[in-house]
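Undergrad: First, the structure itself, so that you have it in front of you.
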Amino acid sequence: MSDARVPLEDDFLTLARLALGEKPQDVQLFLSRAARRYRGDDQRVADQLSALLKTAGSRSSVLRREAGIPVPVDSDSRLHLLRTEPPSSEAAAPLLVGEVEAQIKGLIHERKNLGRLSAAGLEPTRSVLFVGPPGVGKTMSARWIASQLGLPLLILDLSAVMSSFLGRTGNNVRAVLDYAKRQSCVLLLDELDAIAKRRDDATEIGELKRLVTVLLQEIDEWPASGLLVAATNHPELLDPAVWRRFDMLVRFPPPTQGEIGNAVRTFLGGHAVGDEWVDVLAVVLGHGSYSEIEKRIIAIRRAAALSDKPLEAELRKFLSSRIGELDHTEKLALADKLAAIPTISQRTAADITGVSRDTIRRRRSKVSGGNHG
């Protein structure tokens, strides 16, 4: 009698009530009973519920085990040494192209196919070093990998780890590594150069040199159950031995002009502006990183929304403020592109760039003559 079929509406309401009450164990118990009830009338649903419960059971046991491990803290400040980000399906995909994109996708593909690697007697990539200037997507890529794998991202908080007492710094780093090794996670060691300086640096004392040695050993012995990602903006500061320890090296180059244009389109968020505007912004923002470009464009969009002005009006205002940062050649290139926008007159292009109307007119005539020829 206890397994009699219950109306679907009642099942749904009961499940909603348990879920909103944040009682995962009660949810699992309810679904287990529901699977038994559905076995006679809908075997497919019963089988799928049972499979989900098995998966959830293995995950929850891992979560319960990891929840019992306290996050390491600095002995004096009591600050957490790590920042933990739970896996999120809403993590933004980084703007990657070419070899970098292939390498990141390859890492994810490996982790999603551990069984095939194991059958071939292989392990997945255990450690990877990200190298590149600030703002090109190193941290975002680590976050994206973790989200795609459904794993937490642990980020080493260097402001809490680095101490004027190097002995305590060593203890902090060891505590972080020991904590991360006991979990299925992605560990990001950001600004690796801060704790992995060259061991022949005369300004460093023996304790930091020993710390580097410990770090190298940990990279060598990192378990395949997790992924260690290290990132640096200053590869020249790294101990040469560090480079050899990582399974994979990913170099993040500065974005090209075309990649910046694609990034501008993405950050504009679907706002209808002409390709010429994208070209103009790519010229003006070409010296910045992806992170800087995104912040600037979001600020422009925010200003347009608050002022009730067209986005193009705020774009003109922004260009006027940035023109002083360009050299003469870049000003000429910007004037050419502004003059090519149907909604912008040559007078306006001249006002924004400081390039005379006569110069703009002559350059436009040459372009028109070349096209006709």
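Letters for chains follow the order of the structure tokens (A, B, ...), residue numbers begin at 1 for each chain, and ligand numbers begin at 1 in the order shown.
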Might you pull out every residue within 12 Å of A:Ser345, with only C-alpha atoms counted and same-chain residues fewer than 6 positions away left off, and present them as a list in words?
TA: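 In the requested format, the answer is Ala335, Asp336, Lys337, Leu338, Ala339, Asp351, Ile352, Arg357, Ile360 and Arg361 of chain A.
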Undergrad: Could you find all residues in stretch 165-262 of chain A that DSSP calls helix (DSSP H, G or I) from the backbone, and write them as a PyMOL selection string?
TA: chain A and resi 166-181+192-194+206-220+235-237+240-245+257-262
Undergrad: So, with only C-alpha atoms as the atoms that count, which of A:Lys138, A:Lys309, A:Arg265, A:Arg83 lies closest to A:Ile293?
TA: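 Between A:Lys138, A:Lys309, A:Arg265, A:Arg83, the residue approaching A:Ile293 most closely is A:Arg265.
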Undergrad: Using only C-alpha atoms, find the one residue out of A:Gly226, A:Asp220, A:His234, A:Gly261 that sits nearest to A:Leu107.
TA: A:Gly226
Undergrad: Write out as a PyMOL selection string the residues lying within 12 Å of A:Arg244, counting only C-alpha atoms and excluding same-chain residues fewer than 3 positions away.
TA: chain A and resi 127-129+216-217+219-220+238-241+247-249
Undergrad: Quick one: pull the distance between atom CA of A:Glu85 and atom CA of A:Leu188, Å, one decimal.
TA: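 It comes out at 11.0 Å.
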Undergrad: Do a neighbour search on A:Lys105 at 12 Å with only C-alpha atoms, toss out local chain neighbours closer than 2 positions, and write the hits as a list of chain:residue names.
TA: A:Ala93, A:Pro94, A:Leu96, A:Val97, A:Gly98, A:Glu99, A:Val100, A:Glu101, A:Ala102, A:Gln103, A:Leu107, A:Ile108, A:His109, A:Glu110, A:Arg111, A:Lys112, A:Ser141, A:Ala142, A:Trp144, A:Ile145, A:Ala146, A:Gln148, A:Leu149, A:Val250
Undergrad: Pick from A:Pro134, A:Pro86, A:Gly106, A:Gly286: nearest to A:Glu259, with only C-alpha atoms counted?
TA: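 Distance minimum relative to A:Glu259 lands on A:Gly286.
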Undergrad: Using only C-alpha atoms, pick whichever of A:Ala230, A:Val173, A:Leu315, A:Cys185 has the shortest atom-to-atom distance to A:Val212.
TA: A:Val173
Undergrad: When you count only C-alpha atoms, which of these residues is closest to A:Glu292: A:Pro255, A:Gly115, A:Pro152, A:Pro124?
TA: A:Pro255
